[in-house]
Each structure stands twice: as C-alpha cells, then as structure tokens.
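Some notes on the structure that comes next.
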Amino acid sequence: MKATILALAAGALASPTRSTPQPSVDIRDAHVTREGSQLLLGGQPWEAVGGNVYWLGLDENVTPPQGEPYDPSTKASYPNKGRITEAMAIIKAMGGTSIRAHTLGVSTGNPLSLVPSLGQVNQRAFDTIDWAVYQARQHGLRLQVPLTDNFTRWLLQTDSRPSPALVNSDYYHGGKYNFLRWHGFNLTQKTDASNPLVQQFYTNASIVSSFKEYIRTLVTHINPYTNLSYADDPTIWAYETGNELCGPVWGDMDVPVAWIRDISRFVKALAPRKLLVDGTYGVNSSHLSISEIDILSNHFYPVNISKLKEDLDLGKPRAAPQPREEDIRLASANKTYLAGEYGWTETSSGGQRDSLSSWFRVLEQSPVAAGSAFWSLFGHNVPNCTVFVDHQDGFTLQYG
C-alpha cells in the first residue's frame, strides 16, 4: 500500500500539468433545502436548533437614551447593534444553528414599525432588521421569520388620568388585528377573539392583498450590509405564515387551507428558495396536503411528550398491512416538523412540564423532526455588560 501511494505521488509530481485548486465554498452562501422530511445544508443533514430572540428588529424591554426613537405607549424602541450582535454570539456559543425572530418579520401598526399604517413604509425600521440579518450571516447562523402575529394584549397605561388604567393594545410589534382595523373591522383580541369576523383576515380579498403587499415590501428589501435582498439571502432559511395563528376559538387551528396555500405561493414566487413554515398554532391535518408548506410546527407550554408524539405521528409517513385512506394521505405529506417554541423552565402557564431531556430524546429519535427553539433569549444591556436585560414572562434565558 505504501509503495502504491509513493508511486502515485511521484507520478503526480512528474506530471507536466497540475490540477487547478478549486475555490472553497462558503457554506453561508448555501440555502437550506428540504428533501422529503429532512433538511439539508450543502447536501448534508441540517437541524434548526437554537432559541427565540423575538426583539431583534424592534424591542419593548429597554428604554433607549434620550433622543433615540421611542414609543412610550408600547415601550417600543430599536435595539442597539451591540445587543443584536451579542445575541448572535450567544446562540453561536451555545451551539445553535438558527434563531426564530418575530420582529424581523412582524412589524406593523406601531410608529416605529416597518409599516406604521396602511400604505406607509418606515425605512428607518429596516436598519435593525438589516443588521440582525447581517450579523446572523457573520456568525454562521440562520433565521426563521414569522410574517404576522395572532394576538393583542392588555397594557397598563400609567399616564392616564385620574389614575392608571388597563387598555387593550396590539402587541407592540403588531399583527393580524392591524390589518383588520385598517380595513374597517374594529376588532381587538380581548373583546373580539371569538367573533367570527376575525376570519376576515384570511378571507377578505382587500385584507389579503394588503398583507401580501406588506410581505412584498419586506421580502424584496435589499440589505445594504450584504447587498442581497431578503428573498435572495440564504441567511433567512424560512418564512413562517404567522405566529400561533388560529380562528375565533383559542387553539382551534382554524386557518383556511386556501389562505395558507395562497400566502405560501406568494412568498415562494418572491423568494423561490425559501422554505415555508405553517404558522398555525398546532398541526392541522388538513394542511398536510399543501405542497407549498415544507414544515409543520407547534409550541409547548409546558413541554409535553404526549402532545409531541401526537404531532410527530400525524406528520410522519407510516405504513400498515392494509393502509387506510388516512394513512396513504399522511404518507404522501412528506413534511418536516419543528418545535418552534418551548418553555424550558420547570413550570409554565400550562402547568408542570415533562422531563426536558426525555422530550428532547423524542425529537432526536424522530425521522421527521428537524429542530427546536427555546423561549426566549436575552443578553446584556449593551453597552452596559454588567446588567442583563430582563423580560417578565417567566421564560427569560440569560447567558453570558
């Protein structure tokens, strides 16, 4: 064997022609793809493992220095570039590959939003989004980006007279209720969540058209830090139709197939190489036939092994001695699965969680599961690196 190797080496050295060195391929330029129920990067199996860092594009947790943009009614501000960069470094140091980031895609109805009102585009809002996408690329990370949100919330308005009062408001980053109100449906989640009119977000042609225009504004934007549009930048590996979308009843998964298909087709027409995550809150079996959807998803508060197994059994191909019609349909679905959010603490609003390590084991052993993202990461209040930013939801993970 050694003689053969030496002979080959001698022949190569004696050869009058030398092979041209092949340029190295930057894996950051490769798109994440899906082959059946597996995600691939550079032709190799890849998993989206990391955390939710929802505030990267627009924040609600830090009051900025005087003179910086700030909306006191929602406490919204732009996170500084140091905080954004540190978050990327933290996920990388933790061994992560991906970040799910609401406010890189959900940014409507706030004076600081990308689209503060119908037809108005706030170019200033792009700067933090651009920086986050750029820094994710610099750190070798990928981004999963929801396009809207399902909820509103109650806020304590401390400047009201004669005393503080609770007021109903959209989440500071906005969501589907912005589009409903912009088109004459004066609805809020607190008073109208069970109102059938909330379905107008999915079925009203004018609302759907406005939502598509919002998506176009976002996805076709060219990032000055990378000179790439978001559509072309492989850093954004997936868009998600929304965050925890549902219908008039909490958890009903009543998101019409026609809307999912329409929005997914629209996104893929703008960005053909992006993968699409079904943003319905839960795995809706009627969505398995939507060919434009690559990934099914669910959220876990608390971590629940039985719920996870039910999802995975629904989404994976299965065989039976005499296949039922349902089994045949599920086998042809060929989707990937993500746990898009999970509460990592011992308890959550849903009660005591199952063993986190056992839950992870189920994910790791599944042929269709391709990752998970904890809720949620906060770093230091940069430039003050002696103080962590806090978020009062019981799931704040501070690292560093």
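Every chain in the structure tokens has a letter given in the order shown (A, B, ...), and although residue numbers restart at 1 in each chain, ligands are simply numbered from 1 in the order shown.
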
- Hey, what's within 10 Å of stretch 335-337 of chain A if we count only C-alpha atoms and toss same-chain stuff fewer than 3 positions away? As a PyMOL selection string, please? chain A and resi 34-39+277-278+283+288-291+293-298+311-312+315-317+330-332+340+363+366-372

All strand (DSSP E or B) positions in stretch 139-228 of chain A, as a PDB file with all heavy atoms, in the first residue's frame:
```pdb
ATOM      1  N   ARG A 142     -28.644  30.866  10.950  1.00  0.00           N
ATOM      2  CA  ARG A 142     -29.790  31.018  10.049  1.00  0.00           C
ATOM      3  C   ARG A 142     -30.979  31.586  10.823  1.00  0.00           C
ATOM      4  O   ARG A 142     -31.056  31.462  12.049  1.00  0.00           O
ATOM      5  CB  ARG A 142     -30.151  29.668   9.410  1.00  0.00           C
ATOM      6  CG  ARG A 142     -28.995  28.996   8.670  1.00  0.00           C
ATOM      7  CD  ARG A 142     -28.542  29.801   7.470  1.00  0.00           C
ATOM      8  NE  ARG A 142     -27.288  29.335   6.920  1.00  0.00           N
ATOM      9  CZ  ARG A 142     -27.094  29.101   5.609  1.00  0.00           C
ATOM     10  NH1 ARG A 142     -28.081  29.279   4.743  1.00  0.00           N
ATOM     11  NH2 ARG A 142     -25.909  28.696   5.188  1.00  0.00           N
ATOM     12  N   LEU A 143     -31.918  32.176  10.080  1.00  0.00           N
ATOM     13  CA  LEU A 143     -33.058  32.853  10.685  1.00  0.00           C
ATOM     14  C   LEU A 143     -34.377  32.297  10.184  1.00  0.00           C
ATOM     15  O   LEU A 143     -34.552  32.082   8.978  1.00  0.00           O
ATOM     16  CB  LEU A 143     -33.000  34.355  10.370  1.00  0.00           C
ATOM     17  CG  LEU A 143     -31.777  35.111  10.894  1.00  0.00           C
ATOM     18  CD1 LEU A 143     -31.695  36.488  10.254  1.00  0.00           C
ATOM     19  CD2 LEU A 143     -31.817  35.219  12.416  1.00  0.00           C
ATOM     20  N   GLN A 144     -35.290  32.078  11.119  1.00  0.00           N
ATOM     21  CA  GLN A 144     -36.674  31.707  10.816  1.00  0.00           C
ATOM     22  C   GLN A 144     -37.535  32.903  11.190  1.00  0.00           C
ATOM     23  O   GLN A 144     -37.507  33.365  12.339  1.00  0.00           O
ATOM     24  CB  GLN A 144     -37.084  30.466  11.614  1.00  0.00           C
ATOM     25  CG  GLN A 144     -38.537  30.049  11.426  1.00  0.00           C
ATOM     26  CD  GLN A 144     -38.918  28.904  12.335  1.00  0.00           C
ATOM     27  OE1 GLN A 144     -38.048  28.171  12.831  1.00  0.00           O
ATOM     28  NE2 GLN A 144     -40.190  28.723  12.583  1.00  0.00           N
ATOM     29  N   VAL A 145     -38.343  33.387  10.236  1.00  0.00           N
ATOM     30  CA  VAL A 145     -39.003  34.681  10.407  1.00  0.00           C
ATOM     31  C   VAL A 145     -40.510  34.574  10.211  1.00  0.00           C
ATOM     32  O   VAL A 145     -40.990  34.349   9.094  1.00  0.00           O
ATOM     33  CB  VAL A 145     -38.414  35.710   9.407  1.00  0.00           C
ATOM     34  CG1 VAL A 145     -39.113  37.062   9.557  1.00  0.00           C
ATOM     35  CG2 VAL A 145     -36.903  35.861   9.617  1.00  0.00           C
ATOM     36  N   PRO A 146     -41.313  34.733  11.285  1.00  0.00           N
ATOM     37  CA  PRO A 146     -42.774  34.808  11.141  1.00  0.00           C
ATOM     38  C   PRO A 146     -43.174  36.116  10.453  1.00  0.00           C
ATOM     39  O   PRO A 146     -42.476  37.129  10.556  1.00  0.00           O
ATOM     40  CB  PRO A 146     -43.287  34.775  12.589  1.00  0.00           C
ATOM     41  CG  PRO A 146     -42.129  34.281  13.404  1.00  0.00           C
ATOM     42  CD  PRO A 146     -40.893  34.738  12.698  1.00  0.00           C
ATOM     43  N   ASP A 149     -48.641  38.145  13.562  1.00  0.00           N
ATOM     44  CA  ASP A 149     -48.906  37.576  14.877  1.00  0.00           C
ATOM     45  C   ASP A 149     -50.410  37.518  15.118  1.00  0.00           C
ATOM     46  O   ASP A 149     -51.164  38.334  14.584  1.00  0.00           O
ATOM     47  CB  ASP A 149     -48.229  38.412  15.964  1.00  0.00           C
ATOM     48  CG  ASP A 149     -48.092  37.655  17.274  1.00  0.00           C
ATOM     49  OD1 ASP A 149     -49.067  37.640  18.052  1.00  0.00           O
ATOM     50  OD2 ASP A 149     -47.025  37.074  17.528  1.00  0.00           O
ATOM     51  N   THR A 152     -53.360  40.295  20.541  1.00  0.00           N
ATOM     52  CA  THR A 152     -53.223  41.590  21.187  1.00  0.00           C
ATOM     53  C   THR A 152     -53.060  41.328  22.678  1.00  0.00           C
ATOM     54  O   THR A 152     -53.102  40.186  23.124  1.00  0.00           O
ATOM     55  CB  THR A 152     -54.457  42.491  20.967  1.00  0.00           C
ATOM     56  OG1 THR A 152     -55.609  41.830  21.493  1.00  0.00           O
ATOM     57  CG2 THR A 152     -54.670  42.776  19.500  1.00  0.00           C
ATOM     58  N   ARG A 153     -52.878  42.376  23.468  1.00  0.00           N
ATOM     59  CA  ARG A 153     -52.687  42.195  24.906  1.00  0.00           C
ATOM     60  C   ARG A 153     -53.181  43.426  25.658  1.00  0.00           C
ATOM     61  O   ARG A 153     -53.433  44.478  25.080  1.00  0.00           O
ATOM     62  CB  ARG A 153     -51.221  41.977  25.226  1.00  0.00           C
ATOM     63  CG  ARG A 153     -50.368  43.202  24.880  1.00  0.00           C
ATOM     64  CD  ARG A 153     -48.929  43.017  25.304  1.00  0.00           C
ATOM     65  NE  ARG A 153     -48.122  44.132  24.833  1.00  0.00           N
ATOM     66  CZ  ARG A 153     -46.826  44.236  25.039  1.00  0.00           C
ATOM     67  NH1 ARG A 153     -46.190  43.295  25.689  1.00  0.00           N
ATOM     68  NH2 ARG A 153     -46.148  45.263  24.589  1.00  0.00           N
ATOM     69  N   TRP A 154     -53.282  43.273  26.974  1.00  0.00           N
ATOM     70  CA  TRP A 154     -53.616  44.400  27.842  1.00  0.00           C
ATOM     71  C   TRP A 154     -52.330  45.073  28.311  1.00  0.00           C
ATOM     72  O   TRP A 154     -51.369  44.422  28.682  1.00  0.00           O
ATOM     73  CB  TRP A 154     -54.416  43.939  29.056  1.00  0.00           C
ATOM     74  CG  TRP A 154     -55.846  43.638  28.738  1.00  0.00           C
ATOM     75  CD1 TRP A 154     -56.394  42.403  28.544  1.00  0.00           C
ATOM     76  CD2 TRP A 154     -56.896  44.579  28.565  1.00  0.00           C
ATOM     77  NE1 TRP A 154     -57.729  42.515  28.261  1.00  0.00           N
ATOM     78  CE2 TRP A 154     -58.066  43.847  28.272  1.00  0.00           C
ATOM     79  CE3 TRP A 154     -56.976  45.967  28.634  1.00  0.00           C
ATOM     80  CZ2 TRP A 154     -59.294  44.456  28.051  1.00  0.00           C
ATOM     81  CZ3 TRP A 154     -58.192  46.578  28.409  1.00  0.00           C
ATOM     82  CH2 TRP A 154     -59.334  45.828  28.121  1.00  0.00           C
ATOM     83  N   LEU A 155     -52.331  46.413  28.300  1.00  0.00           N
ATOM     84  CA  LEU A 155     -51.207  47.186  28.800  1.00  0.00           C
ATOM     85  C   LEU A 155     -51.665  48.104  29.923  1.00  0.00           C
ATOM     86  O   LEU A 155     -52.800  48.600  29.917  1.00  0.00           O
ATOM     87  CB  LEU A 155     -50.599  48.055  27.688  1.00  0.00           C
ATOM     88  CG  LEU A 155     -49.835  47.342  26.574  1.00  0.00           C
ATOM     89  CD1 LEU A 155     -49.440  48.360  25.511  1.00  0.00           C
ATOM     90  CD2 LEU A 155     -48.611  46.642  27.111  1.00  0.00           C
ATOM     91  N   LEU A 156     -50.795  48.373  30.895  1.00  0.00           N
ATOM     92  CA  LEU A 156     -51.068  49.333  31.943  1.00  0.00           C
ATOM     93  C   LEU A 156     -50.643  50.713  31.451  1.00  0.00           C
ATOM     94  O   LEU A 156     -49.452  50.979  31.261  1.00  0.00           O
ATOM     95  CB  LEU A 156     -50.311  48.971  33.222  1.00  0.00           C
ATOM     96  CG  LEU A 156     -50.575  49.894  34.427  1.00  0.00           C
ATOM     97  CD1 LEU A 156     -52.040  49.781  34.859  1.00  0.00           C
ATOM     98  CD2 LEU A 156     -49.649  49.517  35.579  1.00  0.00           C
ATOM     99  N   GLN A 157     -51.624  51.582  31.225  1.00  0.00           N
ATOM    100  CA  GLN A 157     -51.342  52.930  30.752  1.00  0.00           C
ATOM    101  C   GLN A 157     -51.137  53.830  31.972  1.00  0.00           C
ATOM    102  O   GLN A 157     -52.091  54.285  32.612  1.00  0.00           O
ATOM    103  CB  GLN A 157     -52.493  53.443  29.881  1.00  0.00           C
ATOM    104  CG  GLN A 157     -52.155  54.716  29.128  1.00  0.00           C
ATOM    105  CD  GLN A 157     -53.270  55.107  28.169  1.00  0.00           C
ATOM    106  OE1 GLN A 157     -54.407  55.243  28.565  1.00  0.00           O
ATOM    107  NE2 GLN A 157     -52.925  55.265  26.902  1.00  0.00           N
ATOM    108  N   ALA A 165     -54.735  52.945  34.028  1.00  0.00           N
ATOM    109  CA  ALA A 165     -55.834  52.120  33.544  1.00  0.00           C
ATOM    110  C   ALA A 165     -55.300  51.065  32.594  1.00  0.00           C
ATOM    111  O   ALA A 165     -54.281  51.259  31.922  1.00  0.00           O
ATOM    112  CB  ALA A 165     -56.874  52.984  32.835  1.00  0.00           C
ATOM    113  N   LEU A 166     -56.011  49.938  32.555  1.00  0.00           N
ATOM    114  CA  LEU A 166     -55.676  48.898  31.586  1.00  0.00           C
ATOM    115  C   LEU A 166     -56.323  49.240  30.248  1.00  0.00           C
ATOM    116  O   LEU A 166     -57.502  49.568  30.176  1.00  0.00           O
ATOM    117  CB  LEU A 166     -56.174  47.531  32.068  1.00  0.00           C
ATOM    118  CG  LEU A 166     -55.374  46.867  33.186  1.00  0.00           C
ATOM    119  CD1 LEU A 166     -56.098  45.614  33.654  1.00  0.00           C
ATOM    120  CD2 LEU A 166     -53.970  46.507  32.714  1.00  0.00           C
ATOM    121  N   VAL A 167     -55.531  49.175  29.197  1.00  0.00           N
ATOM    122  CA  VAL A 167     -56.058  49.436  27.859  1.00  0.00           C
ATOM    123  C   VAL A 167     -55.714  48.261  26.969  1.00  0.00           C
ATOM    124  O   VAL A 167     -54.681  47.619  27.131  1.00  0.00           O
ATOM    125  CB  VAL A 167     -55.479  50.737  27.254  1.00  0.00           C
ATOM    126  CG1 VAL A 167     -55.930  51.939  28.063  1.00  0.00           C
ATOM    127  CG2 VAL A 167     -53.954  50.689  27.196  1.00  0.00           C
ATOM    128  N   ASN A 168     -56.601  47.966  26.020  1.00  0.00           N
ATOM    129  CA  ASN A 168     -56.338  46.882  25.090  1.00  0.00           C
ATOM    130  C   ASN A 168     -55.471  47.379  23.952  1.00  0.00           C
ATOM    131  O   ASN A 168     -55.722  48.435  23.384  1.00  0.00           O
ATOM    132  CB  ASN A 168     -57.650  46.319  24.541  1.00  0.00           C
ATOM    133  CG  ASN A 168     -57.423  45.031  23.779  1.00  0.00           C
ATOM    134  OD1 ASN A 168     -57.547  44.992  22.570  1.00  0.00           O
ATOM    135  ND2 ASN A 168     -57.088  43.970  24.491  1.00  0.00           N
ATOM    136  N   SER A 169     -54.430  46.650  23.653  1.00  0.00           N
ATOM    137  CA  SER A 169     -53.480  47.085  22.634  1.00  0.00           C
ATOM    138  C   SER A 169     -52.963  45.876  21.887  1.00  0.00           C
ATOM    139  O   SER A 169     -52.934  44.762  22.414  1.00  0.00           O
ATOM    140  CB  SER A 169     -52.300  47.813  23.291  1.00  0.00           C
ATOM    141  OG  SER A 169     -51.259  48.046  22.368  1.00  0.00           O
ATOM    142  N   ASP A 170     -52.547  46.104  20.644  1.00  0.00           N
ATOM    143  CA  ASP A 170     -51.824  45.053  19.952  1.00  0.00           C
ATOM    144  C   ASP A 170     -50.490  44.846  20.654  1.00  0.00           C
ATOM    145  O   ASP A 170     -49.999  45.727  21.353  1.00  0.00           O
ATOM    146  CB  ASP A 170     -51.552  45.456  18.506  1.00  0.00           C
ATOM    147  CG  ASP A 170     -52.818  45.608  17.700  1.00  0.00           C
ATOM    148  OD1 ASP A 170     -53.518  44.606  17.519  1.00  0.00           O
ATOM    149  OD2 ASP A 170     -53.114  46.739  17.278  1.00  0.00           O
ATOM    150  N   ILE A 222     -33.590  45.283  -0.102  1.00  0.00           N
ATOM    151  CA  ILE A 222     -32.167  44.971  -0.269  1.00  0.00           C
ATOM    152  C   ILE A 222     -31.396  45.471   0.943  1.00  0.00           C
ATOM    153  O   ILE A 222     -31.445  46.649   1.297  1.00  0.00           O
ATOM    154  CB  ILE A 222     -31.615  45.584  -1.561  1.00  0.00           C
ATOM    155  CG1 ILE A 222     -32.305  44.943  -2.773  1.00  0.00           C
ATOM    156  CG2 ILE A 222     -30.101  45.382  -1.655  1.00  0.00           C
ATOM    157  CD1 ILE A 222     -31.887  45.529  -4.106  1.00  0.00           C
ATOM    158  N   ASN A 223     -30.693  44.571   1.578  1.00  0.00           N
ATOM    159  CA  ASN A 223     -29.926  44.858   2.780  1.00  0.00           C
ATOM    160  C   ASN A 223     -28.606  45.532   2.398  1.00  0.00           C
ATOM    161  O   ASN A 223     -27.779  44.923   1.709  1.00  0.00           O
ATOM    162  CB  ASN A 223     -29.661  43.542   3.522  1.00  0.00           C
ATOM    163  CG  ASN A 223     -29.003  43.733   4.868  1.00  0.00           C
ATOM    164  OD1 ASN A 223     -28.391  44.750   5.151  1.00  0.00           O
ATOM    165  ND2 ASN A 223     -29.121  42.714   5.719  1.00  0.00           N
ATOM    166  N   LEU A 228     -27.804  42.039  -0.605  1.00  0.00           N
ATOM    167  CA  LEU A 228     -28.741  40.995  -1.014  1.00  0.00           C
ATOM    168  C   LEU A 228     -30.144  41.367  -0.560  1.00  0.00           C
ATOM    169  O   LEU A 228     -30.322  41.949   0.515  1.00  0.00           O
ATOM    170  CB  LEU A 228     -28.361  39.649  -0.384  1.00  0.00           C
ATOM    171  CG  LEU A 228     -27.055  38.990  -0.820  1.00  0.00           C
ATOM    172  CD1 LEU A 228     -26.767  37.789   0.084  1.00  0.00           C
ATOM    173  CD2 LEU A 228     -27.133  38.556  -2.270  1.00  0.00           C
TER     174      LEU A 228
END
```

Which stretch 198-264 of chain A residues have any atom within 9 Å of an atom of stretch 127-134 of chain A, and for each, what is the nearest pair of atoms with distance in Å to one decimal, counting only C-alpha atoms, rows sorted by chain and number, as a Markdown table?
```
| residue | atom | partner | partner_atom | distance |
| --- | --- | --- | --- | --- |
| A:Ile222 | CA | A:Asp130 | CA | 8.6 |
| A:Asn223 | CA | A:Asp130 | CA | 5.5 |
| A:Pro224 | CA | A:Asp130 | CA | 7.4 |
| A:Tyr225 | CA | A:Tyr134 | CA | 6.2 |
| A:Thr226 | CA | A:Tyr134 | CA | 6.4 |
| A:Tyr230 | CA | A:Val133 | CA | 8.5 |
| A:Asp233 | CA | A:Val133 | CA | 8.8 |
| A:Thr235 | CA | A:Val133 | CA | 6.8 |
| A:Ile236 | CA | A:Val133 | CA | 7.5 |
```

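Taking atom CA of A:Ala238 and atom CA of A:Asp254 as endpoints, the distance between them is 22.3 Å.
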
- Selection near A:Ser206, 10 Å with only C-alpha atoms, sequence-local residues under 4 positions removed, as a list in words: Phe179, Leu180, His183, Gln200, Phe201, Ser210, Phe211 and Lys212 of chain A

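Residues in contact with A:Asn61 at 8 Å, where only C-alpha atoms are counted and same-chain residues fewer than 5 positions away are skipped, are listed as A:Lys75, A:Ala76, A:Val389, A:Asp390, A:His391.
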
- Would you please give, as an MDAnalysis selection string, all residues of stretch 190-383 of chain A that DSSP assigns to alpha helix (DSSP H) based on the backbone? chainID A and resid 190:192 200:203 205:219 257:270 305:315 325:333 356:365
